[in-house]
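Dumped query01.tsv below, it's TSV, C-alpha atoms:
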chain	number	residue	atom	x	y	z
A	17	MET	CA	-20.51	29.79	14.00
A	18	SER	CA	-23.22	29.11	16.63
A	19	ALA	CA	-22.56	29.00	20.36
A	20	ASP	CA	-23.19	25.23	20.33
A	21	SER	CA	-20.65	24.74	17.55
A	22	SER	CA	-18.10	26.88	19.37
A	23	ARG	CA	-18.59	24.85	22.53
A	24	GLN	CA	-18.20	21.59	20.61
A	25	LYS	CA	-15.06	22.82	18.91
A	26	ARG	CA	-13.50	23.49	22.31
A	27	GLU	CA	-14.68	20.20	23.82
A	28	ILE	CA	-13.87	17.75	21.03
A	29	ASP	CA	-10.62	15.92	21.70
A	30	GLN	CA	-8.50	15.13	18.65
A	31	ARG	CA	-6.46	12.50	20.49
A	32	PRO	CA	-8.64	9.53	19.43
A	33	PHE	CA	-7.82	10.35	15.81
A	34	LEU	CA	-4.08	10.74	16.35
A	35	GLU	CA	-3.80	7.79	18.73
A	36	ALA	CA	-5.75	5.50	16.40
A	37	THR	CA	-3.48	6.44	13.49
A	38	SER	CA	-0.36	5.79	15.56
A	39	GLU	CA	-1.72	2.50	16.90
A	40	ALA	CA	-2.66	1.29	13.43
A	41	LYS	CA	0.73	2.16	11.95
A	42	SER	CA	2.43	0.30	14.80
A	43	ARG	CA	0.17	-2.74	14.40
A	44	TYR	CA	0.53	-2.99	10.63
A	45	GLY	CA	4.28	-2.41	10.73
A	46	ARG	CA	6.63	-1.99	7.80
A	47	PHE	CA	7.00	-4.07	4.65
A	48	ASN	CA	10.63	-4.58	3.61
A	49	LEU	CA	11.50	-5.39	0.02
A	50	ALA	CA	14.95	-6.16	-1.34
A	51	VAL	CA	15.54	-4.96	-4.90
A	52	ILE	CA	18.64	-6.42	-6.53
A	53	GLY	CA	20.09	-5.43	-9.88
A	54	GLY	CA	22.83	-3.55	-11.66
A	55	THR	CA	22.96	0.10	-12.66
A	56	GLY	CA	20.49	0.95	-15.41
A	57	VAL	CA	18.24	-2.05	-14.87
A	58	GLY	CA	15.36	0.21	-13.79
A	59	LYS	CA	15.06	-0.50	-10.08
A	60	SER	CA	14.14	3.05	-9.08
A	61	SER	CA	11.51	3.35	-11.80
A	62	LEU	CA	9.98	0.06	-10.71
A	63	VAL	CA	9.80	1.07	-7.05
A	64	ASN	CA	8.39	4.48	-7.94
A	65	ALA	CA	5.71	2.94	-10.18
A	66	VAL	CA	4.47	0.46	-7.57
A	67	PHE	CA	4.89	2.49	-4.37
A	68	GLN	CA	4.85	6.06	-5.75
A	69	ARG	CA	7.92	7.00	-3.76
A	70	ASP	CA	10.75	8.71	-5.57
A	71	TRP	CA	13.55	7.55	-3.30
A	72	ALA	CA	16.33	9.04	-5.39
A	73	ALA	CA	14.73	12.49	-5.32
A	74	VAL	CA	13.87	12.29	-1.62
A	75	GLY	CA	17.42	11.28	-0.76
A	76	LYS	CA	16.52	9.28	2.35
A	77	GLY	CA	18.71	6.32	1.50
A	78	LEU	CA	21.09	5.39	4.27
A	79	PRO	CA	24.31	3.73	3.05
A	80	VAL	CA	24.61	0.50	5.04
A	81	THR	CA	27.70	-0.93	3.39
A	82	LYS	CA	29.30	-0.72	-0.03
A	83	GLY	CA	26.67	-1.72	-2.58
A	84	VAL	CA	23.72	-1.58	-0.14
A	85	ARG	CA	21.38	1.27	0.80
A	86	TYR	CA	18.25	1.21	2.93
A	87	TYR	CA	15.35	3.56	2.20
A	88	HIS	CA	12.36	3.62	4.52
A	89	ASP	CA	9.37	5.39	5.97
A	90	ASP	CA	6.73	4.12	8.39
A	91	SER	CA	5.14	1.60	6.02
A	92	LEU	CA	7.85	0.65	3.52
A	93	GLY	CA	11.52	-0.26	3.58
A	94	ILE	CA	13.58	-0.82	0.43
A	95	TRP	CA	16.91	-2.63	0.53
A	96	ASP	CA	18.63	-1.44	-2.65
A	97	ILE	CA	21.35	-3.99	-3.42
A	98	GLU	CA	23.59	-3.34	-6.41
A	99	GLY	CA	24.64	-5.98	-8.86
A	100	PHE	CA	27.97	-7.70	-8.23
A	101	GLU	CA	31.11	-5.64	-8.57
A	102	ILE	CA	32.92	-6.55	-11.78
A	103	GLY	CA	36.58	-7.31	-11.28
A	104	SER	CA	36.22	-7.85	-7.54
A	105	ALA	CA	38.32	-10.61	-5.99
A	106	VAL	CA	35.22	-11.58	-3.98
A	107	PRO	CA	32.85	-13.86	-5.95
A	108	PRO	CA	29.33	-12.47	-6.53
A	109	ARG	CA	27.65	-15.07	-4.32
A	110	GLU	CA	29.99	-14.24	-1.46
A	111	GLN	CA	29.42	-10.51	-1.97
A	112	LEU	CA	25.69	-11.07	-1.65
A	113	ARG	CA	26.15	-13.39	1.33
A	114	ASN	CA	28.07	-10.64	3.12
A	115	HIS	CA	25.34	-8.11	2.31
A	116	LEU	CA	22.65	-10.43	3.69
A	117	LYS	CA	24.64	-11.01	6.88
A	118	THR	CA	24.82	-7.24	7.35
A	119	ILE	CA	21.06	-6.92	6.85
A	120	GLU	CA	20.37	-9.73	9.32
A	121	GLN	CA	22.06	-7.67	12.04
A	122	HIS	CA	19.38	-5.00	11.70
A	123	PRO	CA	16.18	-4.87	13.80
A	124	ARG	CA	13.29	-7.22	13.11
A	125	ASN	CA	11.21	-4.49	11.47
A	126	GLU	CA	13.91	-4.05	8.82
A	127	GLN	CA	14.21	-7.70	7.74
A	128	ILE	CA	13.55	-8.65	4.11
A	129	ALA	CA	10.14	-10.15	3.29
A	130	VAL	CA	10.41	-10.59	-0.50
A	131	VAL	CA	13.14	-10.06	-3.11
A	132	TRP	CA	12.75	-8.56	-6.55
A	133	TYR	CA	15.73	-9.74	-8.59
A	134	CYS	CA	15.77	-7.38	-11.57
A	135	VAL	CA	17.12	-8.24	-15.01
A	136	LYS	CA	16.64	-6.30	-18.25
A	137	ALA	CA	14.39	-8.19	-20.65
A	138	ASN	CA	16.82	-7.84	-23.56
A	139	ASP	CA	19.63	-9.59	-21.62
A	140	ASP	CA	18.27	-12.90	-23.03
A	141	ARG	CA	20.07	-15.08	-20.47
A	142	LEU	CA	21.02	-14.99	-16.82
A	143	THR	CA	24.72	-14.92	-16.09
A	144	ARG	CA	26.35	-17.52	-13.89
A	145	ALA	CA	26.68	-14.80	-11.25
A	146	ASP	CA	22.92	-14.11	-11.38
A	147	ILE	CA	22.12	-17.79	-10.94
A	148	GLU	CA	24.48	-18.17	-7.99
A	149	MET	CA	23.05	-15.11	-6.25
A	150	ILE	CA	19.48	-16.34	-6.70
A	151	GLN	CA	20.58	-19.68	-5.24
A	152	GLU	CA	22.08	-17.85	-2.26
A	153	LEU	CA	18.82	-15.99	-1.67
A	154	ASP	CA	16.94	-19.28	-1.76
A	155	THR	CA	19.40	-20.79	0.72
A	156	ARG	CA	18.52	-17.94	3.07
A	157	GLY	CA	14.83	-18.78	2.74
A	158	LEU	CA	13.97	-15.56	0.91
A	159	PRO	CA	11.22	-15.74	-1.76
A	160	VAL	CA	12.53	-14.38	-5.06
A	161	ILE	CA	10.54	-12.87	-7.92
A	162	LEU	CA	12.62	-12.59	-11.07
A	163	VAL	CA	11.50	-9.27	-12.53
A	164	LEU	CA	12.18	-8.64	-16.20
A	165	THR	CA	12.36	-4.87	-16.63
A	166	LYS	CA	11.97	-2.60	-19.65
A	167	VAL	CA	9.90	-5.16	-21.52
A	168	ASP	CA	8.56	-4.29	-24.98
A	169	TRP	CA	4.97	-5.41	-25.52
A	170	GLU	CA	2.94	-6.46	-28.54
A	171	ARG	CA	-0.71	-5.41	-28.70
A	172	ASN	CA	-3.40	-7.63	-30.16
A	173	ALA	CA	-5.38	-5.38	-32.51
A	174	LEU	CA	-8.60	-7.37	-31.99
A	175	THR	CA	-8.65	-7.94	-28.22
A	176	GLY	CA	-6.44	-5.09	-27.06
A	177	SER	CA	-4.50	-7.52	-24.87
A	178	ARG	CA	-0.72	-7.30	-24.67
A	179	ARG	CA	2.10	-9.78	-24.41
A	180	PRO	CA	5.90	-9.50	-24.42
A	181	THR	CA	7.62	-9.52	-27.77
A	182	LYS	CA	8.93	-12.79	-29.21
A	183	GLY	CA	12.48	-12.38	-27.88
A	184	THR	CA	11.25	-11.81	-24.32
A	185	ARG	CA	8.82	-14.76	-24.56
A	186	GLU	CA	11.72	-16.98	-25.57
A	187	PHE	CA	13.73	-15.68	-22.60
A	188	ILE	CA	10.81	-16.47	-20.28
A	189	SER	CA	10.52	-19.98	-21.75
A	190	TRP	CA	14.22	-20.57	-21.03
A	191	LEU	CA	13.82	-19.27	-17.49
A	192	GLU	CA	10.95	-21.65	-16.84
A	193	GLU	CA	13.00	-24.64	-18.06
A	194	PRO	CA	16.63	-23.46	-17.92
A	195	VAL	CA	19.52	-25.43	-19.37
A	196	ASP	CA	23.25	-24.71	-19.44
A	197	GLU	CA	25.44	-24.27	-22.49
A	198	ASN	CA	25.56	-28.05	-22.84
A	199	GLY	CA	21.81	-28.44	-22.77
A	200	GLN	CA	21.80	-29.84	-19.23
A	201	PRO	CA	18.97	-28.75	-16.89
A	202	ILE	CA	19.96	-26.29	-14.16
A	203	THR	CA	18.08	-25.08	-11.08
A	204	ILE	CA	17.27	-21.40	-10.67
A	205	PRO	CA	15.11	-21.24	-7.52
A	206	PHE	CA	12.90	-18.20	-8.07
A	207	ALA	CA	9.16	-18.29	-7.38
A	208	ARG	CA	7.93	-16.53	-10.52
A	209	VAL	CA	9.23	-14.60	-13.50
A	210	MET	CA	7.31	-11.36	-14.05
A	211	PRO	CA	7.68	-9.26	-17.23
A	212	THR	CA	7.19	-5.56	-16.49
A	213	SER	CA	7.54	-2.09	-17.91
A	214	THR	CA	6.98	1.22	-16.19
A	215	ARG	CA	6.38	3.14	-19.42
A	216	GLU	CA	5.28	2.49	-22.99
A	217	ARG	CA	7.97	2.23	-25.64
A	218	ASP	CA	7.44	5.93	-26.44
A	219	GLY	CA	8.13	6.83	-22.79
A	220	LYS	CA	4.49	7.61	-22.02
A	221	GLY	CA	1.74	5.74	-20.17
A	222	THR	CA	1.95	3.65	-17.02
A	223	GLY	CA	3.51	0.48	-18.37
A	224	HIS	CA	2.36	-3.10	-18.00
A	225	GLY	CA	2.73	-6.12	-15.76
A	226	LEU	CA	2.86	-4.10	-12.54
A	227	GLY	CA	-0.50	-5.29	-11.23
A	228	ASP	CA	0.61	-8.91	-11.65
A	229	LEU	CA	3.88	-8.13	-9.89
A	230	VAL	CA	2.01	-6.60	-6.96
A	231	ALA	CA	-0.34	-9.60	-6.71
A	232	GLU	CA	2.55	-12.06	-6.76
A	233	THR	CA	4.47	-10.07	-4.16
A	234	LEU	CA	1.48	-10.20	-1.83
A	235	ALA	CA	1.08	-13.95	-2.40
A	236	LEU	CA	4.72	-14.59	-1.46
A	237	SER	CA	4.77	-12.24	1.54
A	238	PRO	CA	4.79	-13.76	5.03
A	239	ALA	CA	1.35	-13.63	6.65
A	240	ASP	CA	2.41	-11.10	9.29
A	241	VAL	CA	3.43	-8.46	6.72
A	242	LYS	CA	0.70	-8.90	4.10
A	243	ASP	CA	-1.31	-5.97	5.44
A	244	ALA	CA	1.84	-3.84	5.58
A	245	PHE	CA	2.36	-4.55	1.87
A	246	ARG	CA	-1.27	-3.75	1.05
A	247	ILE	CA	-0.75	-0.38	2.72
A	248	ALA	CA	2.65	0.36	1.16
A	249	GLN	CA	1.67	-0.39	-2.44
A	250	ARG	CA	-0.26	2.24	-4.41
A	251	LEU	CA	-1.72	0.27	-7.31
A	252	ASN	CA	-4.52	-1.82	-5.81
A	253	LEU	CA	-7.24	0.32	-4.18
A	254	PRO	CA	-9.69	-2.59	-3.62
A	255	TRP	CA	-7.22	-4.12	-1.13
A	256	LYS	CA	-7.35	-0.94	0.92
A	257	ARG	CA	-11.14	-0.82	0.81
A	258	GLU	CA	-11.25	-4.43	2.01
A	259	MET	CA	-9.12	-3.40	4.99
A	260	ALA	CA	-11.11	-0.23	5.70
A	261	ARG	CA	-14.66	-1.63	5.63
A	262	PRO	CA	-14.29	-3.91	8.68
A	263	ILE	CA	-13.01	-0.86	10.59
A	264	ILE	CA	-16.09	1.10	9.51
A	265	ASN	CA	-18.40	-1.75	10.50
A	266	GLY	CA	-16.66	-2.15	13.83
A	267	ALA	CA	-17.05	1.55	14.58
A	268	ALA	CA	-20.71	1.37	13.58
A	269	GLY	CA	-21.21	-1.43	16.09
A	270	LEU	CA	-19.58	0.65	18.84
A	271	ALA	CA	-21.72	3.66	17.93
A	272	ALA	CA	-24.85	1.51	18.06
A	273	GLY	CA	-23.81	0.34	21.51
A	274	VAL	CA	-23.46	3.93	22.75
A	275	ALA	CA	-26.95	4.70	21.43
A	276	ALA	CA	-28.54	1.43	22.57
A	277	THR	CA	-30.46	3.65	24.92
A	278	PRO	CA	-31.37	6.57	22.61
A	279	ILE	CA	-29.33	9.71	23.24
A	280	PRO	CA	-30.49	13.31	22.64
A	281	VAL	CA	-29.16	14.86	19.45
A	282	GLY	CA	-27.37	17.40	21.61
A	283	ASP	CA	-25.35	14.54	23.13
A	284	ALA	CA	-24.24	13.13	19.77
A	285	LEU	CA	-20.80	14.39	20.76
A	286	ALA	CA	-20.41	11.00	22.46
A	287	LEU	CA	-19.99	9.43	19.02
A	288	ALA	CA	-17.04	11.66	18.08
A	289	PRO	CA	-14.24	9.56	19.70
A	290	ILE	CA	-15.52	6.44	17.93
A	291	GLN	CA	-15.78	8.16	14.58
A	292	LEU	CA	-12.45	9.96	14.92
A	293	GLY	CA	-10.74	6.69	15.87
A	294	MET	CA	-12.29	5.02	12.82
A	295	MET	CA	-11.00	7.77	10.58
A	296	GLY	CA	-7.52	7.65	12.07
A	297	ARG	CA	-7.28	3.91	11.33
A	298	ILE	CA	-8.52	4.41	7.77
A	299	ALA	CA	-5.95	7.17	7.27
A	300	ALA	CA	-3.23	4.68	8.25
A	301	ILE	CA	-4.48	2.18	5.67
A	302	TYR	CA	-4.16	4.82	2.97
A	303	ASP	CA	-0.69	5.65	4.29
A	304	LEU	CA	-1.62	9.26	5.02
A	305	GLU	CA	0.16	11.31	7.66
A	306	LEU	CA	-2.65	13.57	8.77
A	307	LYS	CA	-0.81	14.88	11.82
A	308	THR	CA	1.23	16.99	9.43
A	309	MET	CA	-1.62	17.55	6.97
A	310	MET	CA	-4.15	19.08	9.35
A	311	SER	CA	-3.79	21.62	12.12
A	312	ALA	CA	-5.28	21.00	15.56
A	313	GLY	CA	-7.96	23.55	14.70
A	314	ALA	CA	-8.82	21.73	11.47
A	315	LEU	CA	-9.07	18.43	13.34
A	316	ALA	CA	-11.35	20.07	15.90
A	317	GLN	CA	-13.61	21.45	13.17
A	318	LEU	CA	-13.56	18.04	11.53
A	319	GLY	CA	-14.76	16.57	14.81
A	320	VAL	CA	-17.67	19.01	14.93
A	321	GLN	CA	-18.73	17.93	11.45
A	322	ILE	CA	-18.28	14.25	12.26
A	323	THR	CA	-20.57	14.31	15.29
A	324	GLY	CA	-23.27	14.97	12.73
A	325	GLN	CA	-25.76	16.75	14.99
A	326	ALA	CA	-27.28	18.74	12.13
A	327	LEU	CA	-27.24	15.62	9.98
A	328	ALA	CA	-28.85	13.57	12.74
A	329	ARG	CA	-31.62	16.15	13.09
A	330	SER	CA	-32.30	16.08	9.36
A	331	VAL	CA	-32.41	12.27	9.42
A	332	LEU	CA	-34.74	12.15	12.41
A	333	LYS	CA	-37.15	14.51	10.66
A	334	LEU	CA	-37.54	11.85	7.97
A	335	ILE	CA	-38.45	9.12	10.48
A	336	PRO	CA	-42.06	9.32	11.72
A	337	GLY	CA	-42.23	9.34	15.51
A	338	ALA	CA	-38.45	9.40	15.95
A	339	GLY	CA	-38.50	12.52	18.10
A	340	ASN	CA	-35.18	14.19	18.85
A	341	ALA	CA	-33.05	11.25	20.02
A	342	VAL	CA	-30.41	9.22	18.19
A	343	ASN	CA	-31.05	5.50	18.51
A	344	ALA	CA	-28.72	2.59	17.69
A	345	SER	CA	-29.77	2.36	14.04
A	346	VAL	CA	-29.26	6.06	13.40
A	347	ALA	CA	-25.91	6.10	15.21
A	348	ALA	CA	-24.65	3.10	13.22
A	349	ALA	CA	-25.86	4.51	9.90
A	350	LEU	CA	-24.31	7.91	10.65
A	351	THR	CA	-20.98	6.25	11.42
A	352	VAL	CA	-21.00	4.06	8.31
A	353	ALA	CA	-21.88	7.02	6.08
A	354	MET	CA	-19.15	9.13	7.69
A	355	GLY	CA	-16.63	6.30	7.33
A	356	GLU	CA	-17.35	5.78	3.66
A	357	GLY	CA	-17.19	9.51	3.00
A	358	TRP	CA	-13.80	9.66	4.72
A	359	MET	CA	-12.62	6.60	2.79
A	360	ARG	CA	-13.48	8.31	-0.50
A	361	LEU	CA	-11.58	11.41	0.57
A	362	CYS	CA	-8.55	9.31	1.54
A	363	GLU	CA	-8.62	7.65	-1.86
A	364	GLN	CA	-8.60	11.05	-3.54
A	365	VAL	CA	-5.50	12.04	-1.58
A	366	HIS	CA	-3.91	8.63	-2.06
A	367	THR	CA	-4.30	8.79	-5.86
A	368	GLY	CA	-3.06	12.38	-6.04
A	369	LYS	CA	-6.42	13.85	-7.06
A	370	LEU	CA	-6.62	15.95	-3.89
A	371	ASP	CA	-3.78	18.00	-2.46
A	372	LEU	CA	-2.73	16.94	1.03
A	373	ALA	CA	-2.81	20.53	2.18
A	374	LYS	CA	-6.48	20.87	1.22
A	375	VAL	CA	-7.87	17.96	3.24
A	376	GLY	CA	-9.18	20.19	6.02
A	377	ASP	CA	-10.94	22.46	3.55
A	378	SER	CA	-12.28	19.62	1.39
A	379	TRP	CA	-13.81	17.33	4.00
A	380	GLY	CA	-17.14	19.14	3.76
A	381	ASP	CA	-17.46	17.89	0.17
A	382	TYR	CA	-17.47	14.31	1.46
A	383	VAL	CA	-19.78	14.66	4.47
A	384	PRO	CA	-22.81	12.45	3.73
A	385	GLY	CA	-26.30	13.84	3.51
A	386	ALA	CA	-29.51	12.67	5.16
A	387	LEU	CA	-30.41	10.49	2.18
A	388	ASP	CA	-27.03	8.71	2.41
A	389	VAL	CA	-27.70	7.90	6.06
A	390	MET	CA	-31.26	6.75	5.35
A	391	ARG	CA	-29.89	4.52	2.61
A	392	LYS	CA	-27.48	2.92	5.10
A	393	MET	CA	-30.33	2.36	7.55
A	394	THR	CA	-32.34	0.65	4.82
A	395	MET	CA	-29.39	-1.59	3.98
A	396	GLN	CA	-29.05	-2.49	7.68
A	397	ARG	CA	-32.71	-3.54	7.83
A	398	VAL	CA	-32.44	-5.58	4.64
A	399	GLY	CA	-29.29	-7.27	5.92
A	400	LYS	CA	-31.06	-8.44	9.06
A	401	LYS	CA	-33.86	-10.17	7.15
Please express what this file holds, its structure, as C-alpha cells.
Amino acid sequence: MSADSSRQKREIDQRPFLEATSEAKSRYGRFNLAVIGGTGVGKSSLVNAVFQRDWAAVGKGLPVTKGVRYYHDDSLGIWDIEGFEIGSAVPPREQLRNHLKTIEQHPRNEQIAVVWYCVKANDDRLTRADIEMIQELDTRGLPVILVLTKVDWERNALTGSRRPTKGTREFISWLEEPVDENGQPITIPFARVMPTSTRERDGKGTGHGLGDLVAETLALSPADVKDAFRIAQRLNLPWKREMARPIINGAAGLAAGVAATPIPVGDALALAPIQLGMMGRIAAIYDLELKTMMSAGALAQLGVQITGQALARSVLKLIPGAGNAVNASVAAALTVAMGEGWMRLCEQVHTGKLDLAKVGDSWGDYVPGALDVMRKMTMQRVGKK
C-alpha cells in the first residue's frame, strides 16, 4: 500500500457511514404486521417467504399474552395471533378484542399497520368465529387481507399462466359475495382475498400469489409506514431501487457542490463523507446491518476505494484539457457510479448471492471503472439538453 493510501486509511472517518445507516433506520421505522390463524394454517411459511425471516428458528418471539407473540427486528414486527381457543368460555371475538387491547398498550412503533387473516384454501367456508373476528378487526380500523394459504394451482399449458383449482375459485367467489346458510347476504369486511402458496404441490419451487400479496399489503399500508414495508419485504427489488436512486442523485448533487470550484485529485478525500453517507442510507434500504458485517478497518479501506482518486485520475486522462482537478461533473459522475456499484452489491447480499461476511472483500468487484464514470457524465450532459 502506498504512503498516500496509508495516510488516507488513517484519516477517513467511518462515522458518516454508520450515522447515515442509523439515521435512515430511525427515519424509516418499523412495519408491523398482524398474522392471524390457527395452527397448521401456514403462517410461518408465509412470513418466511415474503420477508425471508425464519422467526421460529431464530426464536426471538416474545410471548405477550396467551395466544399472542411479538417477533421483531429494526425494520419488521410480526404480531403472531393464534386462532380462537376451542372450548373456551370466552367467545372468539372477545378473545381477539382482548388481544388487540393488549397490543394497543404497546409503543407507537409496535402498532399494527395491516392484518393478514390466514385461512387454508381447502376450508371452503369461513366459520362464524372467523367472520366475527374479521368484523372486530374492521371495527378497530385495521385493514384486513384474507389470505388463502396452501392453494393448489392449475397451469395453462398454452400460456403458462396459473390459477387456483376449481374448488378454491368457488371459495373465492363465495367470499366476494358471501351468503349465510339461508342464502342471505352477510358482510365480511376484508379488503381483498389473496390466494397464495409458498411451495409447489410437490414441495419445491417458490409458490405463487406472493407478489400480489406484497403489492396489496403496500397499497393498504398507512402512508407513514409504506417505506418501512418496502424495506422489510424481500420480494420486490425494484421498490428498493426506486428508494435508493434519489439518495444517489442527492449525493451526486452534494458532491458536485463540493467540486463547484475544481479540487485537486489529491483532495478527493473531501467526497468520502458524502459517498459514505450515501452508502449507509442505501444499506438501510436493503435492510443490511453493516456495522456487524464489516470491521472498522474494512470500512476504512472501503473509504479509500470510494474516494476514487485513482479512478478520478484515469477519468481525467480521458478528458482533453482537464488537467489534474476534479470538477463538478466528474465528482457527480464518480458518486453516481459508486452509488450504483454499491447498490448492486447490496442486492447481491440481499438476495443471498453474496455472503454477508465477504462484503469487505468483495467490494472491489463492484467499484466502477473509468468508462462507467464517463458514461455517467455523458448521461448527465444528455439530460441537460
With a distance cut-off of 7 Å and only C-alpha atoms, select the neighbouring residues of Val281 of chain A, excluding the residue or stretch itself and same-chain residues fewer than 3 positions from it, and output the selection as a list in words.
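The neighbour list is Ala284, Gln325, Ala328, Arg329, Asn340, Ala341 and Val342 of chain A.
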Residue subset to file, keeping C-alpha atoms, as a PDB file, in the coordinates of the input:
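And here is the file that came out, result_16.pdb:
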ATOM      1  CA  ALA A 284     -24.240  13.130  19.770  1.00  0.00           C
ATOM      2  CA  GLN A 325     -25.760  16.750  14.990  1.00  0.00           C
ATOM      3  CA  ALA A 328     -28.850  13.570  12.740  1.00  0.00           C
ATOM      4  CA  ARG A 329     -31.620  16.150  13.090  1.00  0.00           C
ATOM      5  CA  ASN A 340     -35.180  14.190  18.850  1.00  0.00           C
ATOM      6  CA  ALA A 341     -33.050  11.250  20.020  1.00  0.00           C
ATOM      7  CA  VAL A 342     -30.410   9.220  18.190  1.00  0.00           C
TER       8      VAL A 342
END
To one decimal in Å, tell me the separation between atom CA of Ala105 of chain A and atom CA of Ile128 of chain A.
26.8 Å
Env of segment 59-71 of chain A: 9 Å cut, atoms = only C-alpha atoms, seq-sep filter 2 positions within chain, self excluded. Answer as a ChimeraX atom specification.
/A:51-57,73-77,87-88,92,94,96,134,165,212-214,222-223,226-227,229-230,248-251
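When all atoms listed in the file are used to compute distances to Trp132 of chain A, the closest of the residues A:Ile119, A:Ala347, A:Ile150, A:Leu361 turns out to be A:Ile150.
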Who sits within 7 Å of Gly296 of chain A, only C-alpha atoms, same chain under 3 positions skipped, as a short mmCIF file (atom, residue, chain, number, x, y, z; two decimals) with C-alpha atoms, in the frame of the given file:
data_model
loop_
_atom_site.label_atom_id
_atom_site.label_comp_id
_atom_site.auth_asym_id
_atom_site.auth_seq_id
_atom_site.Cartn_x
_atom_site.Cartn_y
_atom_site.Cartn_z
CA PHE A 33 -7.82 10.35 15.81
CA LEU A 34 -4.08 10.74 16.35
CA ALA A 36 -5.75 5.50 16.40
CA THR A 37 -3.48 6.44 13.49
CA LEU A 292 -12.45 9.96 14.92
CA GLY A 293 -10.74 6.69 15.87
CA ALA A 299 -5.95 7.17 7.27
CA ALA A 300 -3.23 4.68 8.25
#
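The gap separating atom CA of Val352 of chain A from atom CA of Leu287 of chain A is 12.0 Å, in Å to one decimal.
You will find atom CA of Ala353 of chain A at 9.7 Å from atom CA of Tyr382 of chain A.
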Spatial neighbours of Gly273 of chain A, max dist 9 Å, only C-alpha atoms, sep filter under 3 positions, as a list in words:
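That gives Ala268, Gly269, Leu270, Ala276, Thr277, Ala344, Ala347 and Ala348 of chain A.
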Saved selection, atoms kept: C-alpha atoms, as a CSV table (one decimal), in the frame of the given file:
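part-v6.csv, freshly written:
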chain,number,residue,atom,x,y,z
A,268,ALA,CA,-20.7,1.4,13.6
A,269,GLY,CA,-21.2,-1.4,16.1
A,270,LEU,CA,-19.6,0.6,18.8
A,276,ALA,CA,-28.5,1.4,22.6
A,277,THR,CA,-30.5,3.6,24.9
A,344,ALA,CA,-28.7,2.6,17.7
A,347,ALA,CA,-25.9,6.1,15.2
A,348,ALA,CA,-24.6,3.1,13.2
Using all atoms listed in the file, determine which residues lie at most 10 Å from Ala260 of chain A, disregarding the query and same-chain residues fewer than 6 positions distant; provide the list as a PyMOL selection string.
chain A and resi 254+294-295+297-302+355-356+359
Export, as a PDB file, in the coordinates of the input, the selected residues with C-alpha atoms.
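File written: part33.pdb
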ATOM      1  CA  PRO A 254      -9.690  -2.590  -3.620  1.00  0.00           C
ATOM      2  CA  MET A 294     -12.290   5.020  12.820  1.00  0.00           C
ATOM      3  CA  MET A 295     -11.000   7.770  10.580  1.00  0.00           C
ATOM      4  CA  ARG A 297      -7.280   3.910  11.330  1.00  0.00           C
ATOM      5  CA  ILE A 298      -8.520   4.410   7.770  1.00  0.00           C
ATOM      6  CA  ALA A 299      -5.950   7.170   7.270  1.00  0.00           C
ATOM      7  CA  ALA A 300      -3.230   4.680   8.250  1.00  0.00           C
ATOM      8  CA  ILE A 301      -4.480   2.180   5.670  1.00  0.00           C
ATOM      9  CA  TYR A 302      -4.160   4.820   2.970  1.00  0.00           C
ATOM     10  CA  GLY A 355     -16.630   6.300   7.330  1.00  0.00           C
ATOM     11  CA  GLU A 356     -17.350   5.780   3.660  1.00  0.00           C
ATOM     12  CA  MET A 359     -12.620   6.600   2.790  1.00  0.00           C
TER      13      MET A 359
END
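Of the residues listed (A:His366, A:Glu186, A:Ala50, A:Arg360), A:His366 shows the shortest atom-to-atom separation from Asn252 of chain A; distances use only C-alpha atoms.
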So which residues fall inside 9 Å of (10.5, -11.4, -15.1) if we count all atoms listed in the file? Mind giving them as a PyMOL selection string?
chain A and resi 133-137+161-165+167+188+191+208-212
